[in-house]
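K.L.:
Here it is, the structure, as structure tokens.
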Amino acid sequence: MTRIVVLGGGFAGVAVARRLERKLRRDEAEIALVSRDNFTLFTPMLPEVSSGGLEPRHVVTPVRAQLRRTRFVLGEITEVDLDARRIRARHPLTGDAISLEYDHLVLALGSVTSTFGIPGVAEHALGLKTLEDAETLRNRIIAALEQAVVTPPGPQRDRLLTFAVVGGGYTGCECAGELVDFFRSILRFYRPLGLHDVRLVLIEAGQALLSDLPPAMGRYTTRNLARRKVELIISDGVAALDGRGIVLQSGIVIPCATVVWSAGVRPAPVLRELPGCAHARNGGIIANRDMSVTGLPGVWALGDCAWIPTTTGADAADKSAWYPPTAQHAIREGPALADNLILTLRGRPTKGFDYDALGMMASLGARRGVATLPGGFVLTGLLAWLMWRTYYLLRLPGLDRKVRVAFDWTVGLVFPRDIAELRLYTKRGQRQAERDAGFSPPPD
């Protein structure tokens, strides 16, 4: 039978596999999905995980629970051999090598945080792309507050209580808004610290926040965050970062112990040098309108790792000529690609992907949000926030996850957020466990 291999267990990859399961007969093809995690992360809710508003397990859905007859393979992709039509992966738990051959390959590996080669970012900044990123950020904030309580007033304590978010797009603005709520909720436990002691800085190198969206959304976001005492630095990018803080391009130095990096993303590293296909400026794979890859028969691409044109002959310099890398689009691209793959198997012509966005939304915390609707209408404030929560709650896979998230939100209306610093799966926690067990000497 035809062997179809899907790389990536995110929105796009799972959507492809689910559609293939529904439309292909069992004797038509074997379907396999390879992912380094055994769950799909609902990324729109990730900022709320970092601020303690949602439990981490409530925003993930096991891949195996979403698929019926697709073979799931837990593995981190190490090589895509186009000549041999084979992919190689490494099991993340055992390190064992995994090899799968394919007739059709779907690339849906998503994206990773981009540092743009700025010195010190990789070593000292925290991303916000994965569940581990969100938990690490939350632990870092709690640890900084614990240390600040026992640190005398002065430059060192000021540095511990300064938190910087770099990037004024969706993730950066949502993260800043959620962190304000987080501090308001938990600082009562850290006397004598108060909200006036905490400095939260949002840095954007461009001319405005949410610059890719209608200007009204950016203006409202700017006013809302500034009113909530977020220090906004706009039109000034990061030149370098070290253990002491941030150096801006203007020469300004911001001493800070915690930096969240949300300034941009790039495709998964294994795809950036994939031979035989055209790459966009960020390394993404340029696909055709039907999401096939020119020059690579049997290879398809979608989601964050692909550039899919809105029209034939799209201009690479025109952002509007390409579908944006959002969850809203990935969810629709998946079924469309699966349909085209099935048409190809059955010897019929494929169709170009065509989708008009329903709108774009961002939650700013404090029961406020911004949204743009079809026709260019911009909605702000409480109504936009309620729309954001309703839409994404309905989009969350699985009834059990919907109930859990709704319960978390309800509890958050009554009780403060948790301040337990969980060191699970961290190097620090592992070293502590080894010392407790007597396998390593205590620290000096």
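Residue numbering restarts at 1 in every chain; chains get A, B, ... in the order shown in the structure tokens, and ligands count up from 1 in that same order.
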Contacts of Leu296 (chain A) at 10 Å or less, counting only C-alpha atoms, minus same-chain residues fewer than 4 places along, as a list of chain:residue names?

P.N.:
A:Leu82, A:Asp83, A:Leu105, A:Pro275, A:Gly276, A:Cys277, A:Ser292, A:Trp300

K.L.:
For the residues selected in the previous step, produce a file with N, CA and C atoms as a PDB file, in the first residue's frame.

P.N.:
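Written out: result.pdb:
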```pdb
ATOM      1  N   LEU A  82      15.649  12.522   0.859  1.00  0.00           N
ATOM      2  CA  LEU A  82      14.705  12.621  -0.254  1.00  0.00           C
ATOM      3  C   LEU A  82      15.011  11.606  -1.349  1.00  0.00           C
ATOM      4  N   ASP A  83      16.284  11.294  -1.554  1.00  0.00           N
ATOM      5  CA  ASP A  83      16.654  10.336  -2.606  1.00  0.00           C
ATOM      6  C   ASP A  83      16.151   8.936  -2.273  1.00  0.00           C
ATOM      7  N   LEU A 105       5.243  12.356   1.687  1.00  0.00           N
ATOM      8  CA  LEU A 105       5.762  12.923   2.931  1.00  0.00           C
ATOM      9  C   LEU A 105       5.112  14.279   3.170  1.00  0.00           C
ATOM     10  N   PRO A 275      17.401  19.923   0.545  1.00  0.00           N
ATOM     11  CA  PRO A 275      17.793  20.188  -0.842  1.00  0.00           C
ATOM     12  C   PRO A 275      16.641  20.009  -1.823  1.00  0.00           C
ATOM     13  N   GLY A 276      16.786  20.662  -2.979  1.00  0.00           N
ATOM     14  CA  GLY A 276      15.855  20.436  -4.069  1.00  0.00           C
ATOM     15  C   GLY A 276      14.592  21.254  -4.034  1.00  0.00           C
ATOM     16  N   CYS A 277      14.459  22.179  -3.060  1.00  0.00           N
ATOM     17  CA  CYS A 277      13.250  22.991  -3.003  1.00  0.00           C
ATOM     18  C   CYS A 277      13.619  24.432  -2.694  1.00  0.00           C
ATOM     19  N   SER A 292       1.767  21.279  -2.391  1.00  0.00           N
ATOM     20  CA  SER A 292       2.840  20.410  -2.847  1.00  0.00           C
ATOM     21  C   SER A 292       4.119  21.238  -2.963  1.00  0.00           C
ATOM     22  N   TRP A 300       4.893  17.317   0.546  1.00  0.00           N
ATOM     23  CA  TRP A 300       3.919  18.376   0.811  1.00  0.00           C
ATOM     24  C   TRP A 300       4.358  19.139   2.052  1.00  0.00           C
TER      25      TRP A 300
END
```

K.L.:
Report as CSV the residues of region 212-252 of chain A within 10 Å of region 158-167 of chain A, each with its shortest atom pair and distance in Å (one decimal), using only C-alpha atoms, ordered by chain and increasing residue number.

P.N.:
```
residue,atom,partner,partner_atom,distance
A:Val230,CA,A:Ala164,CA,9.8
A:Glu231,CA,A:Ala164,CA,9.2
A:Leu232,CA,A:Val165,CA,9.8
A:Ile233,CA,A:Val166,CA,9.5
A:Ile234,CA,A:Gly167,CA,9.6
A:Gly237,CA,A:Val166,CA,8.5
A:Val238,CA,A:Val166,CA,8.0
A:Arg244,CA,A:Arg159,CA,8.0
A:Gly245,CA,A:Arg159,CA,8.1
A:Ile246,CA,A:Ala164,CA,8.7
```

K.L.:
Excluding Ala330 (chain A) and its own-chain neighbours fewer than 2 positions away, which residues fall within 10 Å of it when counting only C-alpha atoms? Please give them as a PyMOL selection string.

P.N.:
chain A and resi 10-16+108+110+302-304+323-328+332-336

K.L.:
Would you mind exporting the chosen residues as a short mmCIF file (atom, residue, chain, number, x, y, z; two decimals), in the first residue's frame, restricted to C-alpha atoms?

P.N.:
```cif
data_model
loop_
_atom_site.label_atom_id
_atom_site.label_comp_id
_atom_site.auth_asym_id
_atom_site.auth_seq_id
_atom_site.Cartn_x
_atom_site.Cartn_y
_atom_site.Cartn_z
CA GLY A 10 0.85 20.03 15.98
CA PHE A 11 -2.39 21.50 14.66
CA ALA A 12 -1.44 21.01 11.00
CA GLY A 13 -0.01 17.50 11.20
CA VAL A 14 -2.85 16.05 13.25
CA ALA A 15 -5.43 17.74 11.01
CA VAL A 16 -3.87 16.04 7.97
CA ALA A 108 4.34 19.91 9.34
CA GLY A 110 6.21 23.88 12.81
CA LEU A 302 2.02 23.26 5.51
CA GLY A 303 1.80 25.13 8.79
CA ASP A 304 4.52 27.29 10.32
CA TYR A 323 -0.92 32.84 4.44
CA PRO A 324 0.24 33.73 7.95
CA PRO A 325 1.61 31.03 10.29
CA THR A 326 -1.31 30.95 12.72
CA ALA A 327 -3.28 28.14 14.33
CA GLN A 328 -6.42 29.34 12.53
CA ARG A 332 -7.74 24.64 7.70
CA GLU A 333 -4.61 23.82 5.72
CA GLY A 334 -4.50 20.29 7.12
CA PRO A 335 -7.77 18.99 5.66
CA ALA A 336 -7.13 20.81 2.36
#
```

K.L.:
Of the residues A:Asn139, A:Phe407, A:Thr344, A:Lys351, which is the one nearest to Arg289 (chain A), using only C-alpha atoms?

P.N.:
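Counting only C-alpha atoms, the residue closest to Arg289 (chain A) is A:Lys351.
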
K.L.:
Any idea what the distance is between CA of Pro92 (chain A) and CA of Leu271 (chain A)?

P.N.:
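Going from CA of Pro92 (chain A) over to CA of Leu271 (chain A) covers 18.9 Å.
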
K.L.:
My list of candidates is A:Pro374, A:Gly218, A:Gly53, A:Gly398. Which is closest to Leu413 (chain A) when distances are computed with only C-alpha atoms?

P.N.:
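Under the stated criterion, the closest residue is A:Gly53.
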
K.L.:
Using only C-alpha atoms, pick whichever of A:Gly251, A:Pro47, A:Pro309, A:Pro62 has the shortest atom-to-atom distance to Leu179 (chain A).

P.N.:
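Comparing A:Gly251, A:Pro47, A:Pro309, A:Pro62 against Leu179 (chain A), the winner is A:Pro47.
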
K.L.:
Might you pull out every residue within 9 Å of Pro267 (chain A), with only C-alpha atoms counted and same-chain residues fewer than 5 positions away left off, and present them as a list in words?

P.N.:
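Returned residues: Leu109, Gly110, Ser111, Val112, Thr113, Ser114, Arg272, Asn282, Gly283, Gly284, Ile285, Asp304, Cys305 and Ala306 of chain A.
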
K.L.:
What are the DSSP helix (DSSP H, G or I) residues of region 89-217 of chain A, as an NGL selection string?

P.N.:
:A and (121-124 or 131-149 or 155-160 or 170-189 or 195-197 or 215-217)

K.L.:
Looking only at strand (DSSP E or B) from DSSP on the backbone, list the matching residues of region 34-206 of chain A as a PyMOL selection string.

P.N.:
chain A and resi 34-35+39-41+60-62+71-74+76-81+86-90+97-101+104-107+111-113+126+162-166+199-204

K.L.:
Output the selection as a CSV table (one decimal), in the first residue's frame - C-alpha atoms for each residue.

P.N.:
```csv
chain,number,residue,atom,x,y,z
A,34,VAL,CA,6.1,11.2,13.7
A,35,SER,CA,6.4,13.7,16.6
A,39,PHE,CA,0.7,15.5,22.6
A,40,THR,CA,-0.6,18.4,20.7
A,41,LEU,CA,0.0,21.7,22.5
A,60,VAL,CA,-2.3,19.5,25.7
A,61,THR,CA,-4.1,16.6,24.0
A,62,PRO,CA,-2.5,13.2,23.5
A,71,ARG,CA,0.6,4.7,13.5
A,72,PHE,CA,2.1,7.1,15.9
A,73,VAL,CA,5.9,7.2,16.3
A,74,LEU,CA,7.5,9.1,19.1
A,76,GLU,CA,12.8,13.6,16.9
A,77,ILE,CA,13.5,14.0,13.2
A,78,THR,CA,17.2,13.9,12.5
A,79,GLU,CA,17.3,13.5,8.7
A,80,VAL,CA,15.0,13.7,5.7
A,81,ASP,CA,16.5,11.5,2.9
A,86,ARG,CA,13.2,7.7,4.0
A,87,ILE,CA,13.1,9.7,7.2
A,88,ARG,CA,15.3,9.1,10.2
A,89,ALA,CA,14.4,10.0,13.8
A,90,ARG,CA,15.8,9.5,17.3
A,97,ALA,CA,17.4,5.2,15.8
A,98,ILE,CA,14.1,5.1,13.9
A,99,SER,CA,13.7,4.8,10.1
A,100,LEU,CA,10.5,5.1,8.1
A,101,GLU,CA,10.1,4.9,4.3
A,104,HIS,CA,4.2,10.7,0.3
A,105,LEU,CA,5.8,12.9,2.9
A,106,VAL,CA,3.9,15.7,4.7
A,107,LEU,CA,6.1,18.3,6.4
A,111,SER,CA,8.7,26.5,14.0
A,112,VAL,CA,11.2,27.2,16.8
A,113,THR,CA,12.3,30.4,18.4
A,126,LEU,CA,13.6,32.2,27.7
A,162,THR,CA,12.9,43.6,36.4
A,163,PHE,CA,11.2,41.4,33.8
A,164,ALA,CA,11.6,42.1,30.1
A,165,VAL,CA,9.5,40.7,27.2
A,166,VAL,CA,11.1,41.2,23.8
A,199,ARG,CA,9.3,46.6,36.6
A,200,LEU,CA,7.8,44.9,33.5
A,201,VAL,CA,9.3,46.1,30.2
A,202,LEU,CA,8.0,45.3,26.7
A,203,ILE,CA,10.5,45.9,23.9
A,204,GLU,CA,9.5,46.1,20.2
```

K.L.:
What's the 8 Å shell around Gly52 (chain A), counting only C-alpha atoms, without same-chain residues fewer than 5 positions away, as an MDAnalysis selection string?

P.N.:
chainID A and resid 138 182 417:418

K.L.:
Between A:Ser235, A:Thr311, A:Thr70, A:Thr136, which has the minimum distance to Glu21 (chain A) (counting only C-alpha atoms)?

P.N.:
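Distance minimum relative to Glu21 (chain A) lands on A:Thr70.
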
K.L.:
What does the structure give for the distance between CA of Asp197 (chain A) and CA of Ile254 (chain A), in Å to one decimal?

P.N.:
15.3 Å

K.L.:
Please determine, counting only C-alpha atoms, which residue among A:Gly172, A:Gly206, A:Pro214, A:Gly177 has the shortest atom-to-atom distance to Val259 (chain A).

P.N.:
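Of A:Gly172, A:Gly206, A:Pro214, A:Gly177, the one nearest Val259 (chain A) is A:Gly172, counting only C-alpha atoms.
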
K.L.:
Leaving out Gly369 (chain A) and any residue of its chain fewer than 4 positions from it, which residues lie within 7 Å of it when counting only C-alpha atoms, given as a ChimeraX atom specification?

P.N.:
/A:362-364,380-382,384-385

K.L.:
Could you dump the residues just selected with N, CA and C atoms as a tab-separated table (two decimals), in the first residue's frame?

P.N.:
```
chain	number	residue	atom	x	y	z
A	362	ALA	N	-6.37	38.72	20.24
A	362	ALA	CA	-5.32	38.62	21.25
A	362	ALA	C	-5.92	38.95	22.61
A	363	SER	N	-5.54	38.16	23.60
A	363	SER	CA	-5.98	38.41	24.97
A	363	SER	C	-4.89	39.19	25.70
A	364	LEU	N	-5.28	40.25	26.39
A	364	LEU	CA	-4.32	41.11	27.08
A	364	LEU	C	-4.37	40.95	28.60
A	380	THR	N	-12.58	45.85	20.81
A	380	THR	CA	-11.62	45.94	21.91
A	380	THR	C	-12.34	45.79	23.24
A	381	GLY	N	-11.54	45.55	24.30
A	381	GLY	CA	-12.08	45.53	25.64
A	381	GLY	C	-12.64	44.19	26.06
A	382	LEU	N	-13.64	44.24	26.94
A	382	LEU	CA	-14.22	43.04	27.54
A	382	LEU	C	-14.85	42.13	26.50
A	384	ALA	N	-14.12	41.74	23.33
A	384	ALA	CA	-13.08	41.05	22.57
A	384	ALA	C	-12.45	39.93	23.38
A	385	TRP	N	-12.27	40.18	24.68
A	385	TRP	CA	-11.69	39.16	25.57
A	385	TRP	C	-12.63	37.95	25.68
```

K.L.:
As a list in words, please: the residues near Arg219 (chain A) (cut-off 9 Å, only C-alpha atoms, same-chain neighbours under 5 positions excluded).

P.N.:
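Here the qualifying residues turn out to be Ala208, Leu209, Leu210 and Asn224 of chain A.
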